[in-house]
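The data block below is entry-v3.txt; it holds compact mmCIF, C-alpha atoms.
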```
# COMPACT_ATOMS: atom_id res chain seq x y z
CA MET A 857 29.21 235.89 237.01
CA ALA A 858 32.59 237.66 236.90
CA GLY A 859 32.38 241.39 237.53
CA GLY A 860 34.58 244.39 236.88
CA VAL A 861 36.44 246.37 239.50
CA GLY A 862 34.01 247.15 242.29
CA GLY A 863 31.47 244.82 240.71
CA ARG A 864 29.87 241.69 242.00
CA VAL A 865 31.93 238.56 241.56
CA VAL A 866 29.16 236.41 243.05
CA VAL A 867 25.55 237.58 243.02
CA GLY A 868 23.76 236.31 246.13
CA ARG A 869 20.38 237.48 247.37
CA HIS A 870 18.68 236.23 250.52
CA VAL A 871 15.07 237.14 251.22
CA TYR A 872 13.77 235.94 254.57
CA GLY A 873 10.86 236.59 256.84
CA ASN A 874 8.80 235.79 259.89
CA LEU A 875 5.13 235.06 259.21
CA TYR A 876 2.41 235.55 261.84
CA GLY A 877 -1.16 234.28 261.79
CA CYS A 878 -0.66 231.71 259.03
CA ASP A 879 -3.13 229.01 258.06
CA ALA A 880 -2.32 226.39 260.75
CA ARG A 881 -3.58 223.54 258.57
CA VAL A 882 -1.01 224.32 255.91
CA LEU A 883 1.78 224.76 258.49
CA GLY A 884 1.11 221.23 259.75
CA ASP A 885 0.68 219.61 256.32
CA GLU A 886 4.01 218.04 255.36
CA ALA A 887 2.98 217.09 251.82
CA ALA A 888 1.55 220.55 251.17
CA LEU A 889 4.72 222.28 252.36
CA ILE A 890 6.91 220.05 250.20
CA THR A 891 4.77 220.90 247.18
CA ILE A 892 4.99 224.62 248.04
CA VAL A 893 8.79 224.51 248.31
CA LYS A 894 9.13 222.57 245.05
CA GLU A 895 6.94 225.14 243.32
CA ALA A 896 8.94 227.96 244.92
CA VAL A 897 12.13 226.51 243.44
CA ARG A 898 10.49 226.76 240.02
CA VAL A 899 9.26 230.31 240.68
CA ALA A 900 12.81 231.29 241.73
CA ASN A 901 14.11 229.81 238.47
CA ALA A 902 16.47 227.66 240.53
CA MET A 903 17.46 224.00 240.10
CA LEU A 904 16.40 221.55 242.82
CA LEU A 905 19.11 219.20 244.09
CA SER A 906 17.39 217.71 247.13
CA ILE A 907 14.48 218.27 249.44
CA GLY A 908 13.96 216.97 252.96
CA SER A 909 11.28 217.36 255.60
CA TYR A 910 11.13 216.75 259.34
CA ARG A 911 8.14 216.67 261.65
CA PHE A 912 8.57 217.52 265.32
CA GLY A 913 5.99 215.46 267.19
CA PRO A 914 2.64 214.23 265.84
CA ASN A 915 1.00 217.68 265.89
CA GLY A 916 4.16 219.72 266.03
CA GLY A 917 6.07 221.91 263.65
CA LEU A 918 7.73 221.02 260.40
CA THR A 919 10.95 221.86 258.64
CA VAL A 920 11.16 221.61 254.87
CA PHE A 921 14.55 222.24 253.39
CA ALA A 922 15.54 222.37 249.72
CA VAL A 923 19.11 222.54 248.51
CA VAL A 924 19.22 224.14 245.07
CA ALA A 925 22.19 224.57 242.74
CA GLU A 926 21.94 228.27 243.60
CA SER A 927 21.90 227.88 247.46
CA HIS A 928 18.82 227.00 249.56
CA ILE A 929 15.16 227.49 250.44
CA SER A 930 13.67 226.62 253.85
CA ILE A 931 10.42 226.78 255.78
CA HIS A 932 10.20 226.18 259.54
CA THR A 933 6.69 226.07 261.04
CA TRP A 934 4.99 226.27 264.46
CA PRO A 935 1.36 225.33 263.67
CA GLU A 936 0.35 225.75 267.33
CA HIS A 937 1.27 229.45 267.06
CA GLY A 938 0.32 230.02 263.41
CA PHE A 939 3.96 231.04 262.99
CA ALA A 940 6.45 230.21 260.25
CA THR A 941 9.83 231.44 259.05
CA VAL A 942 10.87 231.40 255.42
CA ASP A 943 14.31 231.73 253.78
CA VAL A 944 14.91 231.99 250.05
CA TYR A 945 18.60 232.42 249.29
CA THR A 946 19.65 232.11 245.66
CA CYS A 947 22.74 233.01 243.67
CA GLY A 948 22.90 234.29 240.12
CA ASP A 949 21.17 237.00 238.13
CA HIS A 950 18.94 234.37 236.53
CA THR A 951 17.15 233.70 239.84
CA ASP A 952 14.33 235.63 241.49
CA PRO A 953 14.32 234.90 245.25
CA LYS A 954 11.77 237.63 246.01
CA ALA A 955 9.21 236.08 243.64
CA ALA A 956 9.71 232.70 245.32
CA PHE A 957 9.42 234.25 248.78
CA ASP A 958 6.19 236.02 247.79
CA PHE A 959 4.85 232.76 246.36
CA ILE A 960 5.45 230.94 249.66
CA VAL A 961 3.89 233.78 251.67
CA GLU A 962 0.78 233.67 249.51
CA LYS A 963 0.42 229.92 250.15
CA LEU A 964 0.80 230.26 253.95
CA SER A 965 -1.75 233.13 254.18
CA PRO A 966 -0.18 235.08 257.07
CA LYS A 967 -1.98 238.00 258.69
CA LYS A 968 1.30 239.83 259.25
CA ILE A 969 4.82 239.43 257.91
CA GLU A 970 8.27 240.78 258.69
CA VAL A 971 10.50 240.71 255.60
CA PHE A 972 14.27 241.15 255.52
CA TYR A 973 16.91 241.17 252.82
CA GLY A 974 20.46 239.89 253.11
CA ASP A 975 23.03 240.71 250.46
CA ARG A 976 25.10 237.54 250.08
CA SER A 977 27.11 238.81 247.13
CA MET A 978 30.87 238.86 246.81
CA TYR A 979 32.21 242.21 245.65
CA SER A 980 35.56 242.69 243.96
CA GLU A 981 37.91 244.85 245.97
CA MET B 1203 9.37 228.67 275.24
CA ALA B 1204 6.08 230.40 276.08
CA GLY B 1205 6.45 234.08 276.92
CA GLY B 1206 4.39 236.69 278.69
CA VAL B 1207 2.59 239.60 277.05
CA GLY B 1208 5.05 241.29 274.73
CA GLY B 1209 7.50 238.45 275.28
CA ARG B 1210 8.98 235.98 272.88
CA VAL B 1211 6.78 232.99 272.11
CA VAL B 1212 9.47 231.48 269.90
CA VAL B 1213 13.13 232.39 270.34
CA GLY B 1214 14.88 232.35 266.96
CA ARG B 1215 18.32 233.77 266.24
CA HIS B 1216 20.00 233.75 262.84
CA VAL B 1217 23.65 234.72 262.51
CA TYR B 1218 24.92 234.84 258.95
CA GLY B 1219 27.87 236.18 257.08
CA ASN B 1220 29.92 236.54 253.93
CA LEU B 1221 33.56 235.45 254.26
CA TYR B 1222 36.31 236.81 251.99
CA GLY B 1223 39.83 235.46 251.52
CA CYS B 1224 39.20 232.06 253.09
CA ASP B 1225 41.56 229.10 252.93
CA ALA B 1226 40.66 227.75 249.46
CA ARG B 1227 41.80 224.23 250.36
CA VAL B 1228 39.24 224.03 253.15
CA LEU B 1229 36.49 225.54 250.95
CA GLY B 1230 37.03 222.73 248.44
CA ASP B 1231 37.37 219.91 250.97
CA GLU B 1232 33.98 218.22 251.29
CA ALA B 1233 34.94 215.95 254.20
CA ALA B 1234 36.50 218.83 256.11
CA LEU B 1235 33.41 221.01 255.69
CA ILE B 1236 31.11 218.22 256.85
CA THR B 1237 33.26 217.77 259.95
CA ILE B 1238 33.20 221.53 260.58
CA VAL B 1239 29.40 221.69 260.31
CA LYS B 1240 28.96 218.66 262.59
CA GLU B 1241 31.23 220.29 265.16
CA ALA B 1242 29.37 223.59 264.77
CA VAL B 1243 26.10 221.81 265.60
CA ARG B 1244 27.72 220.66 268.84
CA VAL B 1245 29.09 224.15 269.59
CA ALA B 1246 25.60 225.60 269.01
CA ASN B 1247 24.22 223.03 271.47
CA ALA B 1248 21.79 221.93 268.76
CA MET B 1249 20.65 218.43 267.77
CA LEU B 1250 21.64 217.17 264.32
CA LEU B 1251 18.85 215.59 262.27
CA SER B 1252 20.53 215.31 258.88
CA ILE B 1253 23.48 216.60 256.93
CA GLY B 1254 23.97 216.73 253.18
CA SER B 1255 26.69 217.98 250.87
CA TYR B 1256 26.85 218.84 247.18
CA ARG B 1257 29.85 219.54 244.99
CA PHE B 1258 29.49 221.75 241.93
CA GLY B 1259 32.00 220.45 239.40
CA PRO B 1260 35.30 218.67 240.15
CA ASN B 1261 37.06 221.83 241.39
CA GLY B 1262 33.97 223.87 242.08
CA GLY B 1263 32.13 225.05 245.12
CA LEU B 1264 30.42 223.06 247.80
CA THR B 1265 27.21 223.29 249.78
CA VAL B 1266 26.97 221.62 253.17
CA PHE B 1267 23.59 221.77 254.80
CA ALA B 1268 22.58 220.53 258.25
CA VAL B 1269 19.01 220.36 259.46
CA VAL B 1270 18.94 220.53 263.25
CA ALA B 1271 15.97 220.15 265.59
CA GLU B 1272 16.38 223.89 266.21
CA SER B 1273 16.42 225.00 262.49
CA HIS B 1274 19.48 224.87 260.19
CA ILE B 1275 23.17 225.51 259.53
CA SER B 1276 24.65 225.95 256.05
CA ILE B 1277 27.91 226.72 254.30
CA HIS B 1278 28.14 227.58 250.59
CA THR B 1279 31.66 227.92 249.13
CA TRP B 1280 33.39 229.34 246.05
CA PRO B 1281 36.98 228.04 246.39
CA GLU B 1282 38.03 229.77 243.16
CA HIS B 1283 37.26 233.12 244.82
CA GLY B 1284 38.19 232.22 248.41
CA PHE B 1285 34.59 233.14 249.22
CA ALA B 1286 32.05 231.42 251.45
CA THR B 1287 28.72 232.24 253.05
CA VAL B 1288 27.65 230.85 256.40
CA ASP B 1289 24.21 230.66 258.07
CA VAL B 1290 23.59 229.50 261.62
CA TYR B 1291 19.92 229.76 262.51
CA THR B 1292 18.82 228.12 265.76
CA CYS B 1293 15.76 228.32 267.97
CA GLY B 1294 15.63 228.14 271.74
CA ASP B 1295 17.44 229.81 274.60
CA HIS B 1296 19.55 226.68 275.05
CA THR B 1297 21.34 227.27 271.73
CA ASP B 1298 24.25 229.57 270.91
CA PRO B 1299 24.26 230.33 267.17
CA LYS B 1300 26.92 233.04 267.47
CA ALA B 1301 29.39 230.61 269.06
CA ALA B 1302 28.77 228.14 266.22
CA PHE B 1303 29.15 230.89 263.62
CA ASP B 1304 32.44 232.01 265.18
CA PHE B 1305 33.65 228.41 265.24
CA ILE B 1306 33.01 228.02 261.50
CA VAL B 1307 34.69 231.35 260.73
CA GLU B 1308 37.77 230.28 262.65
CA LYS B 1309 37.98 227.06 260.63
CA LEU B 1310 37.65 228.84 257.25
CA SER B 1311 40.31 231.47 258.12
CA PRO B 1312 38.84 234.44 256.20
CA LYS B 1313 40.77 237.70 255.79
CA LYS B 1314 37.57 239.73 256.01
CA ILE B 1315 34.02 238.98 257.13
CA GLU B 1316 30.64 240.66 256.94
CA VAL B 1317 28.39 239.51 259.79
CA PHE B 1318 24.64 240.03 260.06
CA TYR B 1319 21.98 239.12 262.59
CA GLY B 1320 18.38 238.20 261.85
CA ASP B 1321 15.82 238.03 264.64
CA ARG B 1322 13.63 235.05 263.79
CA SER B 1323 11.64 235.17 267.02
CA MET B 1324 7.89 235.25 267.36
CA TYR B 1325 6.68 237.95 269.74
CA SER B 1326 3.34 237.88 271.51
CA GLU B 1327 1.09 240.74 270.49
```
Let's see the structure in the file written out as structure tokens.
Amino acid sequence: MAGGVGGRVVVGRHVYGNLYGCDARVLGDEAALITIVKEAVRVANAMLLSIGSYRFGPNGGLTVFAVVAESHISIHTWPEHGFATVDVYTCGDHTDPKAAFDFIVEKLSPKKIEVFYGDRSMYSE
Amino acid sequence: MAGGVGGRVVVGRHVYGNLYGCDARVLGDEAALITIVKEAVRVANAMLLSIGSYRFGPNGGLTVFAVVAESHISIHTWPEHGFATVDVYTCGDHTDPKAAFDFIVEKLSPKKIEVFYGDRSMYSE
């Protein structure tokens, strides 16, 4: 991943978004979200190192967090509001964070999304 | 966290950055980074649920990832380049992600930083 003068020394791309009007059943389904994140890791062409999930109250939101060799993927959900936030941040030209983000969005079926892009690259000076 | 019409239903703030010219010894010190992230959780006024760390090769980079009740905090490092990326994403008016971000930056001693802000709030429609 070394670059020339003015090039990228580290390639880091972070696609994230806020999803409105999602399928509340999916947002509250811990097993489903874990499966979605595992699949998203594959779609991103990243390597899974660990995955964890946390439920906030019996009918509350969930956090699913995957650490990958290339950075991380997370979903935080608020089923009571049909709201979720998604982060797919991966390093390396071999990864495709946007494809993984789009995959997660498709599975959560939002009515509206806000999508943002963060450049997490290191540039040579 | 309920809001009025046009207000914020969920308050989510995500401060993230790319840090150049950091102290390479700190970037490669797993125990130090874990301590920094734990302290940052306290500075953010968030509640720690879990923390994990991963080292990439004997002299390679590290990932430290904390899941908090209010979302997540992460540091990814490239000691060989003096480069690190930091994410502090917390929900709720009681949290202060910028203070936690600034705390981490101070500990990593970068020569240059790029700072970004992502609004992860849900607004009523």
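For chain A, the residues no farther than 8 Å from chain B when using only C-alpha atoms are A:Gly873, A:Asn874, A:Tyr876, A:Phe912, A:Thr919, A:Phe921, A:Val923, A:Ala925, A:Ser927, A:His932, A:Phe939, A:Thr941, A:Arg976, A:Ser977, A:Met978.
Proximity to Ile1238 (chain B) at 10 Å, evaluated using only C-alpha atoms and with sequence-adjacent residues fewer than 6 positions away removed, yields Val1228, Glu1232, Arg1244, Val1266, Ile1277, Ala1302, Phe1305, Ile1306, Val1307, Lys1309 and Leu1310 of chain B.
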Fill in the blank from the handout: Thr1292 (chain B) proximity check over B:Val1243, B:Ser1311, B:Val1317, B:Gly1230, using all atoms listed in the file: winner is B:Val1243
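With CA of Asp958 (chain A) on one side and CA of Ala902 (chain A) on the other, the separation reads 15.1 Å.
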Practice task
Record the distance separating CA of Pro935 (chain A) and CA of Ala1301 (chain B), expressed in Å with one decimal.
Solution key: 29.0 Å
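CA of His870 (chain A) is positioned 23.7 Å from CA of Leu1250 (chain B).
Compared by their closest atoms to Glu895 (chain A), and using all atoms listed in the file, the residues A:Tyr945, A:Pro914, A:Ile907, A:Lys967 rank with A:Ile907 nearest.
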Handout entry: Contacts of Thr951 (chain A) at 7 Å (only C-alpha atoms; same-chain gap of 2+ positions) as a list of chain:residue names
Key = A:Ala900, A:Asn901, A:Ala902, A:Thr946, A:Cys947, A:Gly948, A:Asp949, A:Pro953
Dump of C-alpha atoms for the selected residues, as a short mmCIF file (atom, residue, chain, number, x, y, z; two decimals), keeping the file's coordinate frame:
```
data_model
loop_
_atom_site.label_atom_id
_atom_site.label_comp_id
_atom_site.auth_asym_id
_atom_site.auth_seq_id
_atom_site.Cartn_x
_atom_site.Cartn_y
_atom_site.Cartn_z
CA ALA A 900 12.81 231.29 241.73
CA ASN A 901 14.11 229.81 238.47
CA ALA A 902 16.47 227.66 240.53
CA THR A 946 19.65 232.11 245.66
CA CYS A 947 22.74 233.01 243.67
CA GLY A 948 22.90 234.29 240.12
CA ASP A 949 21.17 237.00 238.13
CA PRO A 953 14.32 234.90 245.25
#
```
